[in-house]
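A short worksheet on the structure shown next.
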Amino acid sequence: MSSTRPDSDDDVSYVGDDDSAFFRQVHGRQLNTLNTTYMLPADEDEVKRSELHHRMLKFVLDGRNYVGPNRAFKVLDLGTGGGLWAVEMADEFPRAEVIGVDLAPIQPRFELYNLEQDRVNIPYSDEYFDLVHARSMFTGIRDYSQLIREISRVLRPGGLVILIESELTPLYTPADGVAPHIDVSTWYALWQVYTTCLQRHGVDPTVPARLHDIVVSTGRFENVVKRNGNIPVGFWPEESVSLTVGQLQWMDYELFLPALRPLFLTCELPDRVDKLITEAQQVLYNPEARLMTRINIVHASKRFQ
């Protein structure tokens, strides 16, 4: 894994022996200090959750880490988290320079910088990267269109961007077309509160569903390809791959629900947060609840000027 120093150190932090300055404690969980918009934890449980999400996506992508044409010499992984995607890309392309960046030093071999919510600047030179990968990031970005423009700036002409985001509207599929006989209203209620809290932090919750249109609207990309699909949550699918995907997504959500507590408590909901999460967990743990979520994947090539 190699790392190249960006044009300016102004937006980049390098971690020494003491990394405490990069973390803060919020309602019993460890969060990053660089971006107060992103309110999910930066701790061991969240690393586990990101690894589960990564494994699930590998099944969705037929065992691959990328989609679209790939000439990976210089690769940027935005929001690298525990760094699993970046490490696997470096293993697959040993001659490539793979740089992973994040808000917190969860993985010490990566760099830190903040895609600040009001001025999304990637501190690397123009046309430096061949591939930029960004997933599960929109909940910490107030201006996602500006993020896409910045990605375009640091991509060489013909370079590839891969974006992956999950929608916030939950789905339910009844068995054999039969109407659900269990109450899943508390599951929907939790996701509605999550959406409201993100809006209060200035985040647009419709970004995942609009990924394709956002990329196209910049006018800087061509061959924009959209893939989306419903991801099962739980142990109810019968087909083997779908069952594995559902199991991994269920384990992801098992960690995700309590991870929402700091965000919910900052949204002035102290009297109902624990009840809201507990009731959503009861739905998640119900084996008859055929839950689903929707994921959106977009890849595109930067236009030649």
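By order in the structure tokens, chains are A, B, ...; within a chain, residues start at 1; ligands start at 1, following the order shown.
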### Query
Quick one: residues within 12 Å of Ala289 in chain A, only C-alpha atoms counted, chain neighbours fewer than 5 positions away excluded, as a list of chain:residue names?
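With the cut-off at 12 Å, the set is A:Leu171, A:Tyr172, A:Thr173, A:Pro174, A:Ala175, A:Ala179, A:Pro180, A:His181, A:Ile182, A:Asp183, A:Val184, A:Ser185, A:Trp187, A:Pro232, A:Val233, A:Gly234, A:Phe235, A:Trp236, A:Pro237, A:Gly246, A:Trp250, A:Ala280, A:Gln281, A:Gln282, A:Val283, A:Leu284.
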From the DSSP assignment of the backbone, select every residue of range 27-168 of chain A that is alpha helix (DSSP H), and format the answer as a short mmCIF file (atom, residue, chain, number, x, y, z; two decimals) with all heavy atoms, in the first residue's frame.
data_model
loop_
_atom_site.label_atom_id
_atom_site.label_comp_id
_atom_site.auth_asym_id
_atom_site.auth_seq_id
_atom_site.Cartn_x
_atom_site.Cartn_y
_atom_site.Cartn_z
N GLU A 44 -14.75 0.10 16.82
CA GLU A 44 -14.57 -1.29 16.42
C GLU A 44 -15.84 -1.88 15.81
O GLU A 44 -15.78 -2.59 14.80
CB GLU A 44 -14.12 -2.12 17.62
CG GLU A 44 -13.81 -3.58 17.28
CD GLU A 44 -13.29 -4.36 18.48
OE1 GLU A 44 -12.90 -3.71 19.48
OE2 GLU A 44 -13.27 -5.60 18.41
N ASP A 45 -16.98 -1.60 16.42
CA ASP A 45 -18.23 -2.14 15.88
C ASP A 45 -18.51 -1.60 14.48
O ASP A 45 -19.03 -2.32 13.61
CB ASP A 45 -19.40 -1.82 16.81
CG ASP A 45 -19.50 -2.78 17.97
OD1 ASP A 45 -18.77 -3.79 17.97
OD2 ASP A 45 -20.31 -2.53 18.89
N GLU A 46 -18.18 -0.33 14.26
CA GLU A 46 -18.44 0.24 12.94
C GLU A 46 -17.49 -0.34 11.90
O GLU A 46 -17.87 -0.51 10.73
CB GLU A 46 -18.31 1.77 13.00
CG GLU A 46 -18.78 2.49 11.76
CD GLU A 46 -20.28 2.35 11.48
OE1 GLU A 46 -21.01 1.81 12.34
OE2 GLU A 46 -20.71 2.79 10.40
N VAL A 47 -16.26 -0.65 12.29
CA VAL A 47 -15.34 -1.32 11.37
C VAL A 47 -15.90 -2.69 11.00
O VAL A 47 -15.88 -3.09 9.82
CB VAL A 47 -13.94 -1.46 12.00
CG1 VAL A 47 -13.05 -2.35 11.14
CG2 VAL A 47 -13.29 -0.09 12.15
N LYS A 48 -16.42 -3.42 11.97
CA LYS A 48 -17.03 -4.72 11.70
C LYS A 48 -18.19 -4.55 10.72
O LYS A 48 -18.36 -5.36 9.79
CB LYS A 48 -17.54 -5.36 12.99
CG LYS A 48 -16.44 -5.81 13.95
CD LYS A 48 -17.06 -6.39 15.22
CE LYS A 48 -16.00 -6.81 16.22
NZ LYS A 48 -16.60 -7.30 17.50
N ARG A 49 -18.99 -3.52 10.94
CA ARG A 49 -20.14 -3.30 10.07
C ARG A 49 -19.70 -2.99 8.64
O ARG A 49 -20.28 -3.49 7.67
CB ARG A 49 -21.01 -2.17 10.61
CG ARG A 49 -22.36 -2.07 9.92
CD ARG A 49 -23.20 -0.95 10.50
NE ARG A 49 -22.72 0.36 10.11
CZ ARG A 49 -23.02 0.93 8.93
NH1 ARG A 49 -23.77 0.29 8.04
NH2 ARG A 49 -22.57 2.13 8.65
N SER A 50 -18.66 -2.17 8.49
CA SER A 50 -18.17 -1.83 7.15
C SER A 50 -17.61 -3.07 6.45
O SER A 50 -17.73 -3.21 5.22
CB SER A 50 -17.11 -0.73 7.23
OG SER A 50 -15.92 -1.20 7.81
N GLU A 51 -17.01 -3.98 7.21
CA GLU A 51 -16.50 -5.21 6.62
C GLU A 51 -17.64 -6.11 6.16
O GLU A 51 -17.56 -6.75 5.09
CB GLU A 51 -15.61 -5.93 7.61
CG GLU A 51 -14.29 -5.20 7.89
CD GLU A 51 -13.46 -5.86 8.96
OE1 GLU A 51 -13.97 -6.81 9.62
OE2 GLU A 51 -12.31 -5.44 9.17
N LEU A 52 -18.71 -6.16 6.94
CA LEU A 52 -19.89 -6.93 6.52
C LEU A 52 -20.49 -6.34 5.24
O LEU A 52 -20.88 -7.08 4.33
CB LEU A 52 -20.93 -6.93 7.64
CG LEU A 52 -20.59 -7.73 8.89
CD1 LEU A 52 -21.55 -7.38 10.03
CD2 LEU A 52 -20.65 -9.23 8.60
N HIS A 53 -20.56 -5.02 5.18
CA HIS A 53 -21.09 -4.35 4.00
C HIS A 53 -20.21 -4.65 2.79
O HIS A 53 -20.73 -4.90 1.68
CB HIS A 53 -21.18 -2.85 4.25
CG HIS A 53 -21.89 -2.09 3.18
ND1 HIS A 53 -23.22 -2.25 2.91
CD2 HIS A 53 -21.44 -1.15 2.31
CE1 HIS A 53 -23.58 -1.45 1.92
NE2 HIS A 53 -22.51 -0.78 1.53
N HIS A 54 -18.91 -4.63 2.99
CA HIS A 54 -17.98 -4.93 1.91
C HIS A 54 -18.17 -6.36 1.40
O HIS A 54 -18.24 -6.59 0.19
CB HIS A 54 -16.54 -4.74 2.41
CG HIS A 54 -15.50 -5.15 1.42
ND1 HIS A 54 -15.17 -4.39 0.33
CD2 HIS A 54 -14.73 -6.28 1.35
CE1 HIS A 54 -14.23 -5.01 -0.38
NE2 HIS A 54 -13.95 -6.15 0.23
N ARG A 55 -18.29 -7.30 2.30
CA ARG A 55 -18.49 -8.70 1.91
C ARG A 55 -19.80 -8.88 1.16
O ARG A 55 -19.88 -9.63 0.18
CB ARG A 55 -18.44 -9.59 3.14
CG ARG A 55 -17.06 -9.73 3.77
CD ARG A 55 -17.14 -10.41 5.11
NE ARG A 55 -17.77 -11.73 5.02
CZ ARG A 55 -18.21 -12.42 6.07
NH1 ARG A 55 -18.10 -11.90 7.30
NH2 ARG A 55 -18.75 -13.60 5.91
N MET A 56 -20.84 -8.18 1.62
CA MET A 56 -22.13 -8.26 0.94
C MET A 56 -22.01 -7.74 -0.49
O MET A 56 -22.51 -8.37 -1.45
CB MET A 56 -23.18 -7.47 1.72
CG MET A 56 -24.59 -7.53 1.14
SD MET A 56 -24.91 -6.31 -0.16
CE MET A 56 -24.90 -4.80 0.80
N LEU A 57 -21.34 -6.61 -0.66
CA LEU A 57 -21.21 -6.03 -1.99
C LEU A 57 -20.38 -6.93 -2.92
O LEU A 57 -20.65 -6.97 -4.13
CB LEU A 57 -20.57 -4.64 -1.90
CG LEU A 57 -21.48 -3.53 -1.37
CD1 LEU A 57 -20.69 -2.25 -1.17
CD2 LEU A 57 -22.64 -3.29 -2.33
N LYS A 58 -19.41 -7.63 -2.36
CA LYS A 58 -18.63 -8.55 -3.19
C LYS A 58 -19.54 -9.61 -3.81
O LYS A 58 -19.35 -10.02 -4.96
CB LYS A 58 -17.51 -9.20 -2.37
CG LYS A 58 -16.37 -8.29 -1.98
CD LYS A 58 -15.46 -7.98 -3.17
CE LYS A 58 -14.63 -9.18 -3.62
NZ LYS A 58 -13.53 -9.54 -2.70
N PHE A 59 -20.52 -10.10 -3.05
CA PHE A 59 -21.47 -11.06 -3.60
C PHE A 59 -22.34 -10.41 -4.67
O PHE A 59 -22.61 -11.00 -5.71
CB PHE A 59 -22.34 -11.66 -2.50
CG PHE A 59 -21.70 -12.79 -1.76
CD1 PHE A 59 -21.02 -12.56 -0.57
CD2 PHE A 59 -21.75 -14.09 -2.25
CE1 PHE A 59 -20.42 -13.61 0.12
CE2 PHE A 59 -21.15 -15.14 -1.57
CZ PHE A 59 -20.48 -14.90 -0.38
N VAL A 60 -22.77 -9.19 -4.41
CA VAL A 60 -23.60 -8.47 -5.38
C VAL A 60 -22.83 -8.25 -6.69
O VAL A 60 -23.40 -8.33 -7.78
CB VAL A 60 -24.07 -7.13 -4.80
CG1 VAL A 60 -24.77 -6.28 -5.85
CG2 VAL A 60 -25.02 -7.37 -3.61
N LEU A 84 -10.66 -2.20 3.84
CA LEU A 84 -10.68 -3.52 3.22
C LEU A 84 -10.71 -3.43 1.70
O LEU A 84 -10.00 -4.18 1.01
CB LEU A 84 -11.88 -4.32 3.75
CG LEU A 84 -11.88 -5.82 3.47
CD1 LEU A 84 -10.61 -6.47 3.97
CD2 LEU A 84 -13.10 -6.47 4.11
N TRP A 85 -11.53 -2.54 1.16
CA TRP A 85 -11.60 -2.40 -0.30
C TRP A 85 -10.25 -1.97 -0.86
O TRP A 85 -9.75 -2.54 -1.85
CB TRP A 85 -12.67 -1.38 -0.69
CG TRP A 85 -12.87 -1.25 -2.18
CD1 TRP A 85 -13.73 -1.96 -2.95
CD2 TRP A 85 -12.18 -0.35 -3.06
NE1 TRP A 85 -13.63 -1.57 -4.27
CE2 TRP A 85 -12.69 -0.59 -4.36
CE3 TRP A 85 -11.20 0.62 -2.88
CZ2 TRP A 85 -12.24 0.12 -5.47
CZ3 TRP A 85 -10.74 1.32 -4.01
CH2 TRP A 85 -11.26 1.07 -5.28
N ALA A 86 -9.62 -0.98 -0.23
CA ALA A 86 -8.33 -0.48 -0.71
C ALA A 86 -7.25 -1.56 -0.64
O ALA A 86 -6.44 -1.71 -1.55
CB ALA A 86 -7.91 0.75 0.11
N VAL A 87 -7.24 -2.31 0.44
CA VAL A 87 -6.24 -3.38 0.60
C VAL A 87 -6.43 -4.44 -0.48
O VAL A 87 -5.45 -4.91 -1.09
CB VAL A 87 -6.34 -4.00 2.01
CG1 VAL A 87 -5.51 -5.27 2.09
CG2 VAL A 87 -5.88 -3.00 3.06
N GLU A 88 -7.67 -4.82 -0.73
CA GLU A 88 -7.92 -5.85 -1.74
C GLU A 88 -7.57 -5.34 -3.14
O GLU A 88 -7.07 -6.12 -3.97
CB GLU A 88 -9.38 -6.30 -1.68
CG GLU A 88 -9.70 -7.12 -0.42
CD GLU A 88 -11.09 -7.71 -0.44
OE1 GLU A 88 -11.81 -7.55 -1.45
OE2 GLU A 88 -11.47 -8.36 0.56
N MET A 89 -7.83 -4.07 -3.41
CA MET A 89 -7.43 -3.51 -4.71
C MET A 89 -5.92 -3.49 -4.84
O MET A 89 -5.38 -3.78 -5.92
CB MET A 89 -8.01 -2.10 -4.86
CG MET A 89 -9.50 -2.06 -5.12
SD MET A 89 -9.97 -2.77 -6.74
CE MET A 89 -9.37 -1.51 -7.86
N ALA A 90 -5.21 -3.16 -3.78
CA ALA A 90 -3.74 -3.16 -3.83
C ALA A 90 -3.21 -4.56 -4.04
O ALA A 90 -2.21 -4.77 -4.73
CB ALA A 90 -3.19 -2.56 -2.53
N ASP A 91 -3.87 -5.57 -3.46
CA ASP A 91 -3.47 -6.95 -3.67
C ASP A 91 -3.71 -7.39 -5.11
O ASP A 91 -2.91 -8.12 -5.70
CB ASP A 91 -4.23 -7.88 -2.71
CG ASP A 91 -3.76 -7.74 -1.27
OD1 ASP A 91 -2.64 -7.22 -1.05
OD2 ASP A 91 -4.52 -8.15 -0.36
N GLU A 92 -4.85 -6.95 -5.67
CA GLU A 92 -5.20 -7.35 -7.03
C GLU A 92 -4.33 -6.64 -8.06
O GLU A 92 -4.00 -7.21 -9.11
CB GLU A 92 -6.68 -7.05 -7.30
CG GLU A 92 -7.15 -7.51 -8.67
CD GLU A 92 -8.64 -7.33 -8.87
OE1 GLU A 92 -9.35 -7.01 -7.89
OE2 GLU A 92 -9.11 -7.54 -10.02
N TYR A 144 -23.43 16.99 -2.45
CA TYR A 144 -22.92 15.81 -3.14
C TYR A 144 -22.52 16.13 -4.58
O TYR A 144 -21.58 15.55 -5.11
CB TYR A 144 -23.97 14.70 -3.11
CG TYR A 144 -23.40 13.33 -3.39
CD1 TYR A 144 -22.87 12.55 -2.35
CD2 TYR A 144 -23.39 12.81 -4.67
CE1 TYR A 144 -22.33 11.30 -2.60
CE2 TYR A 144 -22.86 11.55 -4.93
CZ TYR A 144 -22.34 10.81 -3.89
OH TYR A 144 -21.80 9.57 -4.14
N SER A 145 -23.21 17.07 -5.19
CA SER A 145 -22.84 17.46 -6.56
C SER A 145 -21.44 18.03 -6.60
O SER A 145 -20.67 17.78 -7.54
CB SER A 145 -23.85 18.48 -7.11
OG SER A 145 -25.13 17.90 -7.26
N GLN A 146 -21.07 18.81 -5.57
CA GLN A 146 -19.72 19.34 -5.51
C GLN A 146 -18.70 18.23 -5.33
O GLN A 146 -17.60 18.29 -5.88
CB GLN A 146 -19.61 20.37 -4.38
CG GLN A 146 -18.20 20.92 -4.15
CD GLN A 146 -17.60 21.62 -5.36
OE1 GLN A 146 -18.33 22.02 -6.26
NE2 GLN A 146 -16.29 21.75 -5.38
N LEU A 147 -19.04 17.20 -4.57
CA LEU A 147 -18.15 16.05 -4.43
C LEU A 147 -17.89 15.42 -5.79
O LEU A 147 -16.74 15.08 -6.12
CB LEU A 147 -18.76 15.02 -3.49
CG LEU A 147 -18.03 13.67 -3.40
CD1 LEU A 147 -16.63 13.85 -2.84
CD2 LEU A 147 -18.82 12.67 -2.57
N ILE A 148 -18.92 15.26 -6.61
CA ILE A 148 -18.76 14.66 -7.94
C ILE A 148 -17.88 15.56 -8.81
O ILE A 148 -17.04 15.07 -9.57
CB ILE A 148 -20.12 14.42 -8.61
CG1 ILE A 148 -20.98 13.49 -7.74
CG2 ILE A 148 -19.93 13.81 -9.99
CD1 ILE A 148 -20.32 12.18 -7.41
N ARG A 149 -18.04 16.87 -8.70
CA ARG A 149 -17.20 17.77 -9.49
C ARG A 149 -15.74 17.67 -9.05
O ARG A 149 -14.82 17.72 -9.88
CB ARG A 149 -17.70 19.21 -9.35
CG ARG A 149 -19.03 19.47 -10.08
CD ARG A 149 -19.37 20.94 -10.12
NE ARG A 149 -19.76 21.45 -8.81
CZ ARG A 149 -21.00 21.48 -8.36
NH1 ARG A 149 -21.99 20.98 -9.10
NH2 ARG A 149 -21.28 21.98 -7.17
N GLU A 150 -15.52 17.51 -7.75
CA GLU A 150 -14.16 17.35 -7.26
C GLU A 150 -13.55 16.02 -7.71
O GLU A 150 -12.37 15.95 -8.07
CB GLU A 150 -14.13 17.43 -5.73
CG GLU A 150 -13.97 18.83 -5.18
CD GLU A 150 -12.59 19.37 -5.53
OE1 GLU A 150 -11.60 18.98 -4.88
OE2 GLU A 150 -12.49 20.19 -6.46
N ILE A 151 -14.35 14.97 -7.72
CA ILE A 151 -13.88 13.69 -8.22
C ILE A 151 -13.48 13.83 -9.69
O ILE A 151 -12.44 13.30 -10.12
CB ILE A 151 -14.96 12.61 -8.03
CG1 ILE A 151 -15.10 12.26 -6.54
CG2 ILE A 151 -14.64 11.37 -8.85
CD1 ILE A 151 -16.23 11.30 -6.24
N SER A 152 -14.29 14.54 -10.44
CA SER A 152 -13.96 14.78 -11.85
C SER A 152 -12.62 15.52 -11.98
O SER A 152 -11.80 15.19 -12.85
CB SER A 152 -15.07 15.59 -12.53
OG SER A 152 -14.67 16.04 -13.81
N ARG A 153 -12.40 16.47 -11.12
CA ARG A 153 -11.15 17.25 -11.20
C ARG A 153 -9.92 16.38 -10.99
O ARG A 153 -8.92 16.53 -11.69
CB ARG A 153 -11.16 18.38 -10.16
CG ARG A 153 -9.90 19.25 -10.19
CD ARG A 153 -9.91 20.28 -9.08
NE ARG A 153 -9.88 19.67 -7.75
CZ ARG A 153 -8.78 19.18 -7.18
NH1 ARG A 153 -7.63 19.17 -7.83
NH2 ARG A 153 -8.84 18.66 -5.96
N VAL A 154 -9.98 15.46 -10.02
CA VAL A 154 -8.78 14.66 -9.71
C VAL A 154 -8.65 13.42 -10.61
O VAL A 154 -7.64 12.73 -10.54
CB VAL A 154 -8.75 14.24 -8.23
CG1 VAL A 154 -8.75 15.47 -7.33
CG2 VAL A 154 -9.91 13.31 -7.87
#
### Query
Phe138 in chain A: which residues within 10 Å, counting only C-alpha atoms, same-chain residues fewer than 5 positions away excluded, as a PyMOL selection string?
chain A and resi 38+143-144+147+164-166+198+203-208
Writing out the chosen residues with all heavy atoms as a short mmCIF file (atom, residue, chain, number, x, y, z; two decimals), in the first residue's frame:
data_model
loop_
_atom_site.label_atom_id
_atom_site.label_comp_id
_atom_site.auth_asym_id
_atom_site.auth_seq_id
_atom_site.Cartn_x
_atom_site.Cartn_y
_atom_site.Cartn_z
N TYR A 38 -21.16 14.00 9.69
CA TYR A 38 -21.16 12.54 9.67
C TYR A 38 -21.23 12.04 11.10
O TYR A 38 -20.26 12.14 11.85
CB TYR A 38 -19.92 12.01 8.97
CG TYR A 38 -19.96 10.51 8.75
CD1 TYR A 38 -20.70 9.97 7.69
CD2 TYR A 38 -19.28 9.64 9.59
CE1 TYR A 38 -20.75 8.61 7.49
CE2 TYR A 38 -19.33 8.27 9.38
CZ TYR A 38 -20.07 7.76 8.34
OH TYR A 38 -20.12 6.41 8.14
N ASP A 143 -23.14 18.76 0.09
CA ASP A 143 -23.21 19.12 -1.33
C ASP A 143 -22.62 17.98 -2.15
O ASP A 143 -21.43 17.99 -2.48
CB ASP A 143 -22.47 20.43 -1.60
CG ASP A 143 -22.71 20.97 -3.00
OD1 ASP A 143 -23.21 20.21 -3.85
OD2 ASP A 143 -22.39 22.15 -3.25
N TYR A 144 -23.43 16.99 -2.45
CA TYR A 144 -22.92 15.81 -3.14
C TYR A 144 -22.52 16.13 -4.58
O TYR A 144 -21.58 15.55 -5.11
CB TYR A 144 -23.97 14.70 -3.11
CG TYR A 144 -23.40 13.33 -3.39
CD1 TYR A 144 -22.87 12.55 -2.35
CD2 TYR A 144 -23.39 12.81 -4.67
CE1 TYR A 144 -22.33 11.30 -2.60
CE2 TYR A 144 -22.86 11.55 -4.93
CZ TYR A 144 -22.34 10.81 -3.89
OH TYR A 144 -21.80 9.57 -4.14
N LEU A 147 -19.04 17.20 -4.57
CA LEU A 147 -18.15 16.05 -4.43
C LEU A 147 -17.89 15.42 -5.79
O LEU A 147 -16.74 15.08 -6.12
CB LEU A 147 -18.76 15.02 -3.49
CG LEU A 147 -18.03 13.67 -3.40
CD1 LEU A 147 -16.63 13.85 -2.84
CD2 LEU A 147 -18.82 12.67 -2.57
N ILE A 164 -21.40 4.06 -4.79
CA ILE A 164 -22.35 3.07 -4.26
C ILE A 164 -23.02 3.66 -3.03
O ILE A 164 -22.35 4.04 -2.07
CB ILE A 164 -21.64 1.75 -3.89
CG1 ILE A 164 -20.87 1.19 -5.08
CG2 ILE A 164 -22.66 0.73 -3.38
CD1 ILE A 164 -20.06 -0.06 -4.76
N GLU A 165 -24.34 3.76 -3.07
CA GLU A 165 -25.09 4.29 -1.94
C GLU A 165 -26.40 3.52 -1.78
O GLU A 165 -27.05 3.17 -2.78
CB GLU A 165 -25.40 5.78 -2.11
CG GLU A 165 -24.17 6.69 -2.19
CD GLU A 165 -23.47 6.86 -0.85
OE1 GLU A 165 -24.02 6.42 0.19
OE2 GLU A 165 -22.37 7.45 -0.83
N SER A 166 -26.80 3.29 -0.54
CA SER A 166 -28.06 2.62 -0.25
C SER A 166 -29.15 3.64 0.04
O SER A 166 -28.91 4.65 0.69
CB SER A 166 -27.90 1.69 0.96
OG SER A 166 -26.95 0.68 0.71
N LEU A 198 -30.99 13.41 9.23
CA LEU A 198 -30.02 13.79 8.19
C LEU A 198 -30.39 15.13 7.58
O LEU A 198 -29.51 15.98 7.33
CB LEU A 198 -29.97 12.71 7.12
CG LEU A 198 -29.31 11.39 7.51
CD1 LEU A 198 -29.40 10.39 6.35
CD2 LEU A 198 -27.86 11.59 7.91
N VAL A 203 -28.18 17.24 5.05
CA VAL A 203 -27.91 16.18 4.09
C VAL A 203 -29.17 15.88 3.29
O VAL A 203 -30.27 15.78 3.86
CB VAL A 203 -27.42 14.91 4.81
CG1 VAL A 203 -27.27 13.75 3.83
CG2 VAL A 203 -26.11 15.18 5.53
N ASP A 204 -29.02 15.72 1.99
CA ASP A 204 -30.14 15.39 1.12
C ASP A 204 -30.34 13.88 1.10
O ASP A 204 -29.51 13.14 0.56
CB ASP A 204 -29.84 15.89 -0.30
CG ASP A 204 -30.98 15.62 -1.27
OD1 ASP A 204 -31.98 14.98 -0.88
OD2 ASP A 204 -30.87 16.04 -2.45
N PRO A 205 -31.42 13.37 1.67
CA PRO A 205 -31.62 11.91 1.75
C PRO A 205 -31.98 11.27 0.42
O PRO A 205 -32.02 10.03 0.32
CB PRO A 205 -32.77 11.77 2.75
CG PRO A 205 -33.53 13.05 2.63
CD PRO A 205 -32.51 14.11 2.35
N THR A 206 -32.23 12.07 -0.62
CA THR A 206 -32.60 11.51 -1.92
C THR A 206 -31.39 11.22 -2.80
O THR A 206 -31.54 10.71 -3.92
CB THR A 206 -33.54 12.46 -2.68
OG1 THR A 206 -32.82 13.63 -3.10
CG2 THR A 206 -34.72 12.87 -1.82
N VAL A 207 -30.18 11.52 -2.32
CA VAL A 207 -28.98 11.34 -3.13
C VAL A 207 -28.84 9.93 -3.70
O VAL A 207 -28.57 9.77 -4.90
CB VAL A 207 -27.72 11.75 -2.34
CG1 VAL A 207 -26.46 11.18 -2.99
CG2 VAL A 207 -27.62 13.26 -2.23
N PRO A 208 -28.99 8.87 -2.90
CA PRO A 208 -28.78 7.52 -3.47
C PRO A 208 -29.64 7.24 -4.69
O PRO A 208 -29.16 6.67 -5.68
CB PRO A 208 -29.13 6.60 -2.30
CG PRO A 208 -28.83 7.40 -1.09
CD PRO A 208 -29.25 8.80 -1.44
#
### Query
Out of A:Arg95, A:Gly81, A:Arg71, A:Leu190, which residue has the shortest atom-to-atom distance to Met137 in chain A when counting only C-alpha atoms?
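Nearest to Met137 in chain A: A:Gly81.
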### Query
If you run DSSP on this backbone, which residues of range 50-293 of chain A come out as strand (DSSP E or B), and could you give them as a ChimeraX atom specification?
/A:74-78,97-102,111-113,129-135,155-166,171-172,221-233,291-293
List every residue of range 256-301 of chain A that has an atom at most 12 Å from any atom of range 128-136 of chain A, giving for each one its closest atom pair and the distance in Å to one decimal, counting only C-alpha atoms, sorted by chain and then by ascending residue number, as a Markdown table.
| residue | atom | partner | partner_atom | distance |
| --- | --- | --- | --- | --- |
| A:Ile295 | CA | A:Ser136 | CA | 10.3 |
| A:Asn296 | CA | A:Arg135 | CA | 9.9 |
| A:Ile297 | CA | A:Arg135 | CA | 8.9 |
| A:Val298 | CA | A:Arg135 | CA | 10.2 |
| A:His299 | CA | A:His133 | CA | 9.3 |
| A:Ala300 | CA | A:Leu131 | CA | 10.2 |
| A:Ser301 | CA | A:Leu131 | CA | 9.3 |
### Nearest candidate to Ala42 in chain A (options A:Leu163, A:Val225, A:Leu276, A:Ala259; using only C-alpha atoms)
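The answer is A:Ala259, which sits nearest to Ala42 in chain A.
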### Query
Pick from A:Tyr194, A:Glu127, A:Leu40, A:Tyr285: nearest to Arg24 in chain A, with only C-alpha atoms counted?
A:Leu40
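Relative to CA of Trp191 in chain A, CA of Leu269 in chain A is found at 14.1 Å.
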